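S.K.: Quick one: the structure is below, and I'll ask about it shortly.
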Amino acid sequence: MEYDYYNYSKQYENLEIKEFDKVLICGMGGSGIVGDFLQILLDKKIIFTCKDYRPPNFIHKDWLAILISYSGDTEETISCLEKLPTDNIVIIAGGGKMEEIAKEKGYYFVKIPKIFPATRFAFPVILSASLSILDKGKYYTLLDLLKDVNKKIKIFEKVEDKINNPVIIYTDYYHYPVAFYFKVGLNEDAKHFAKYSILPEDNHHELEALNKLPFDFIFLKFNYNNRIFLRYKFVKDLLIENGNNVIELDLTYGNLFEELLYGSISLEQLSLNLAKRKGIDPYKNTKIPKLKKYMSEFK
C-alpha cells in the first residue's frame with residue numbers, strides 16, 4: 001500500500017488559516033477519525049469531535065466548525081451542517097451534496113481528490129488539509145513526515161496468521177486514534193471484528209473480567225510514560241497467564257506525531273495482509289451499502 005501522500009498533501013499549503021481556539025469537527029468513519037487525531041495533536045485548542053446527527057448544545061457562534069466527508073454525501077454530517085449555530089464553517093469533501101451546499105452558502109470549501117479506494121486511505125491527506133487550516137506549524141511537520149512515510153512503515157511479517165478470533169486492541173489515551181484507525185481497517189479491510197481498550201481507564205473496571213477469553217489481544221507498544229507502561233505490562237502478563245493469545249506490535253518512533261502517523265499506516269498494511277490471508281476483497285463492503293439503502297427508505 002503506497003500512495004504519494006506528500007504531493008497530495010502539499011497542494012493544501014496555501015489554505016487560509018482559521019484562528020479559532022474552539023473547533024468542532026463533524027464526520028463519520030474514516031472522515032471523522034481525523035477529529036480524533038486533531039484532539040491529540042492540537043491539545044492547546046478545545047476540539048470536540050461530533051459523530052452524530054446534531055452538534056452538541058454548547059457549540060456557539062464563537063466556534064469554528066469543520067465538516068468532513070470524503071464522499072460528500074454522509075447523512076449524519078449533512079444533518080450536523082444544517083443544525084450549526086455558527087457561520088464559521090469549513091467543508092472538506094470529495095464532492096457530493098456537501099460541495100453543492102458549500103457553493104450555495106458560500107462556505108469555505110476544500111476538495112479532496114477522489115483517487116483513493118476508500119476514505120481510510122485518504123486519511124493523511126484529509127489530516128493535512130485540516131492542519132493547514134488550523135495550525136501551519138503542525139501542517140509542515142506532517143509534510144516532513146510524509147516525505148519518508150513509505151520508508152518508515154513497519155512490516156509485521158506473518159502476524160496476520162496469528163489473528164483468528166475477534167480482536168481487542170490495547171493502548172493509552174494519547175494513542176487511541178491509532179487503535180481506532182486499526183479497528184476501522186480490521187473491520188472494513190478484513191471484515192474482522194475488533195474493539196479497543198484504553199489504559200489507564202479500563203483498569204478500573206474491565207480488568208476484573210480478564211480471564212481466558214475467546215479473543216486475540218493485540219498490544220500496541222509505543223513510548224508510553226512509565227506509569228502507563230507498568231499497567232500495560234501488568235495487563236499483558238495477566239492475559240498471557242490466563243492462556244490468551246497475546247500479540248505485541250512495536251510501534252515506537254521518535255515522538256508522538258510519528259507514532260500517530262506511521263503507526264496508523266503500518267497497521268493499515270497489517271489489516272490488508274489479514275484480508276489477503278482470508279481471501280477477502282478489502283475494498284468491497286456489502287453490509288454498509290445495505291444499511292445506507294435501508295436508511296434511504298425512511299426520510
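Residues in the C-alpha cells are named by chain (A, B, ... in the order shown) and by number from 1 within that chain; ligands are numbered from 1 in the order shown.
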Could you name the residues that touch Val149 of chain A at 10 Å or less, counting only C-alpha atoms, but leaving out those on the same chain fewer than 6 positions away, as a PyMOL selection string?

M.R.: chain A and resi 2-6+143+258+261-262+265-266

S.K.: Tyr12 of chain A: which residues within 9 Å, counting only C-alpha atoms, same-chain residues fewer than 3 positions away excluded, as a ChimeraX atom specification?

M.R.: /A:8-9,15,110,125,128-129,132-133

S.K.: Please tabulate, as CSV, the residues of segment 42-115 of chain A that come within 12 Å of segment 281-296 of chain A, each with its closest pair of atoms and the distance in Å to one decimal, counting only C-alpha atoms and ordering rows by chain, then residue number upward.

M.R.:
```
residue,atom,partner,partner_atom,distance
A:Asp73,CA,A:Lys292,CA,11.0
A:Thr74,CA,A:Lys292,CA,9.8
A:Glu75,CA,A:Lys292,CA,9.4
A:Glu76,CA,A:Met295,CA,11.5
```

S.K.: Write out as JSON, numbers by chain the residues lying within 9 Å of Ala194 of chain A, counting only C-alpha atoms and excluding same-chain residues fewer than 3 positions away.

M.R.: {"A": [166, 167, 168, 169, 182, 183, 184, 186, 187]}

S.K.: Produce a file of the selected residues containing C-alpha atoms, as a short mmCIF file (atom, residue, chain, number, x, y, z; two decimals), in the first residue's frame.

M.R.:
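Below is the file that was written, result.cif:
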```cif
data_model
loop_
_atom_site.label_atom_id
_atom_site.label_comp_id
_atom_site.auth_asym_id
_atom_site.auth_seq_id
_atom_site.Cartn_x
_atom_site.Cartn_y
_atom_site.Cartn_z
CA PRO A 166 -12.24 -11.26 17.33
CA VAL A 167 -9.63 -8.71 18.35
CA ILE A 168 -9.24 -6.47 21.40
CA ILE A 169 -6.61 -3.74 20.94
CA PHE A 182 -6.61 -0.07 13.24
CA LYS A 183 -10.09 -1.17 14.29
CA VAL A 184 -11.58 0.51 11.21
CA LEU A 186 -9.70 -4.66 10.53
CA ASN A 187 -13.47 -4.14 10.23
#
```

S.K.: Please extract the residues of segment 130-198 of chain A with a backbone DSSP assignment of helix (DSSP H, G or I) and present them as a ChimeraX atom specification.

M.R.: /A:130-134,136-147,149-152,159-162,173-188

S.K.: Grab the residues selected above and save them as a PDB file, in the first residue's frame with C-alpha atoms.

M.R.:
```pdb
ATOM      1  CA  SER A 130      -7.271  20.197   8.351  1.00  0.00           C
ATOM      2  CA  LEU A 131      -3.892  21.078   9.861  1.00  0.00           C
ATOM      3  CA  SER A 132      -3.175  23.622   7.142  1.00  0.00           C
ATOM      4  CA  ILE A 133      -6.332  25.449   8.239  1.00  0.00           C
ATOM      5  CA  LEU A 134      -5.783  25.107  11.987  1.00  0.00           C
ATOM      6  CA  LYS A 136       0.533  25.723   9.794  1.00  0.00           C
ATOM      7  CA  GLY A 137       3.414  24.605  12.002  1.00  0.00           C
ATOM      8  CA  LYS A 138       1.855  21.176  12.557  1.00  0.00           C
ATOM      9  CA  TYR A 139       0.942  21.043   8.860  1.00  0.00           C
ATOM     10  CA  TYR A 140       4.597  21.471   7.869  1.00  0.00           C
ATOM     11  CA  THR A 141       5.624  18.870  10.440  1.00  0.00           C
ATOM     12  CA  LEU A 142       3.182  16.458   8.828  1.00  0.00           C
ATOM     13  CA  LEU A 143       4.563  17.246   5.366  1.00  0.00           C
ATOM     14  CA  ASP A 144       8.085  16.425   6.546  1.00  0.00           C
ATOM     15  CA  LEU A 145       6.888  13.116   7.984  1.00  0.00           C
ATOM     16  CA  LEU A 146       5.077  12.238   4.765  1.00  0.00           C
ATOM     17  CA  LYS A 147       8.276  12.612   2.714  1.00  0.00           C
ATOM     18  CA  VAL A 149       6.353   7.627   5.046  1.00  0.00           C
ATOM     19  CA  ASN A 150       6.886   4.587   2.819  1.00  0.00           C
ATOM     20  CA  LYS A 151      10.326   4.007   4.365  1.00  0.00           C
ATOM     21  CA  LYS A 152       9.035   4.392   7.915  1.00  0.00           C
ATOM     22  CA  VAL A 159       1.357 -11.547  12.194  1.00  0.00           C
ATOM     23  CA  GLU A 160      -1.883 -11.896  10.224  1.00  0.00           C
ATOM     24  CA  ASP A 161      -1.508 -15.682  10.598  1.00  0.00           C
ATOM     25  CA  LYS A 162      -1.846 -15.289  14.373  1.00  0.00           C
ATOM     26  CA  TYR A 173      -5.396   7.737  25.578  1.00  0.00           C
ATOM     27  CA  TYR A 174      -2.751   9.633  23.615  1.00  0.00           C
ATOM     28  CA  HIS A 175      -2.542   6.831  21.052  1.00  0.00           C
ATOM     29  CA  TYR A 176      -6.220   5.838  20.946  1.00  0.00           C
ATOM     30  CA  PRO A 177      -6.664   7.310  17.413  1.00  0.00           C
ATOM     31  CA  VAL A 178      -4.210   4.666  16.170  1.00  0.00           C
ATOM     32  CA  ALA A 179      -6.222   1.906  17.848  1.00  0.00           C
ATOM     33  CA  PHE A 180      -9.410   3.319  16.349  1.00  0.00           C
ATOM     34  CA  TYR A 181      -7.827   3.541  12.887  1.00  0.00           C
ATOM     35  CA  PHE A 182      -6.612  -0.069  13.238  1.00  0.00           C
ATOM     36  CA  LYS A 183     -10.093  -1.174  14.291  1.00  0.00           C
ATOM     37  CA  VAL A 184     -11.584   0.507  11.209  1.00  0.00           C
ATOM     38  CA  GLY A 185      -9.058  -1.257   8.990  1.00  0.00           C
ATOM     39  CA  LEU A 186      -9.697  -4.664  10.531  1.00  0.00           C
ATOM     40  CA  ASN A 187     -13.466  -4.137  10.233  1.00  0.00           C
ATOM     41  CA  GLU A 188     -13.547  -2.855   6.646  1.00  0.00           C
TER      42      GLU A 188
END
```

S.K.: Residues at most 8 Å from Gly95 of chain A, counting only C-alpha atoms, excluding those fewer than 4 positions away in the same chain, as an NGL selection string?

M.R.: :A and (70-72 or 99-100 or 111-112)

S.K.: Determine the nearest neighbour of Leu127 of chain A from the options A:Pro200, A:Gly35, A:Pro56, A:Gly263, counting only C-alpha atoms.

M.R.: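 Checking each candidate against Leu127 of chain A, we get A:Gly35 as the closest.
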
S.K.: Write out as number ranges by chain the set of residues from segment 3-202 of chain A that DSSP, computed on the backbone, places in strand (DSSP E).

M.R.: A: 22-26, 46-50, 64-69, 89-93, 108-111, 167-172, 194-199

S.K.: Show me, as a PyMOL selection string, the residues that have an atom within 12 Å of segment 236-247 of chain A when counting only C-alpha atoms, minus same-chain residues fewer than 2 positions from it.

M.R.: chain A and resi 156+158-171+199+203+207-221+229-234+249-250

S.K.: Ranking A:Glu157, A:Asp172, A:Asp189, A:Glu104 by minimum distance to Pro117 of chain A and counting only C-alpha atoms, which one comes first?

M.R.: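 Ranking A:Glu157, A:Asp172, A:Asp189, A:Glu104 by distance to Pro117 of chain A, first place goes to A:Asp189.
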
S.K.: Between A:Ile33, A:Ala102, A:Val235, A:Ile198, single out the one closest to Thr119 of chain A, counting only C-alpha atoms.

M.R.: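 Counting only C-alpha atoms, the residue closest to Thr119 of chain A is A:Ile33.
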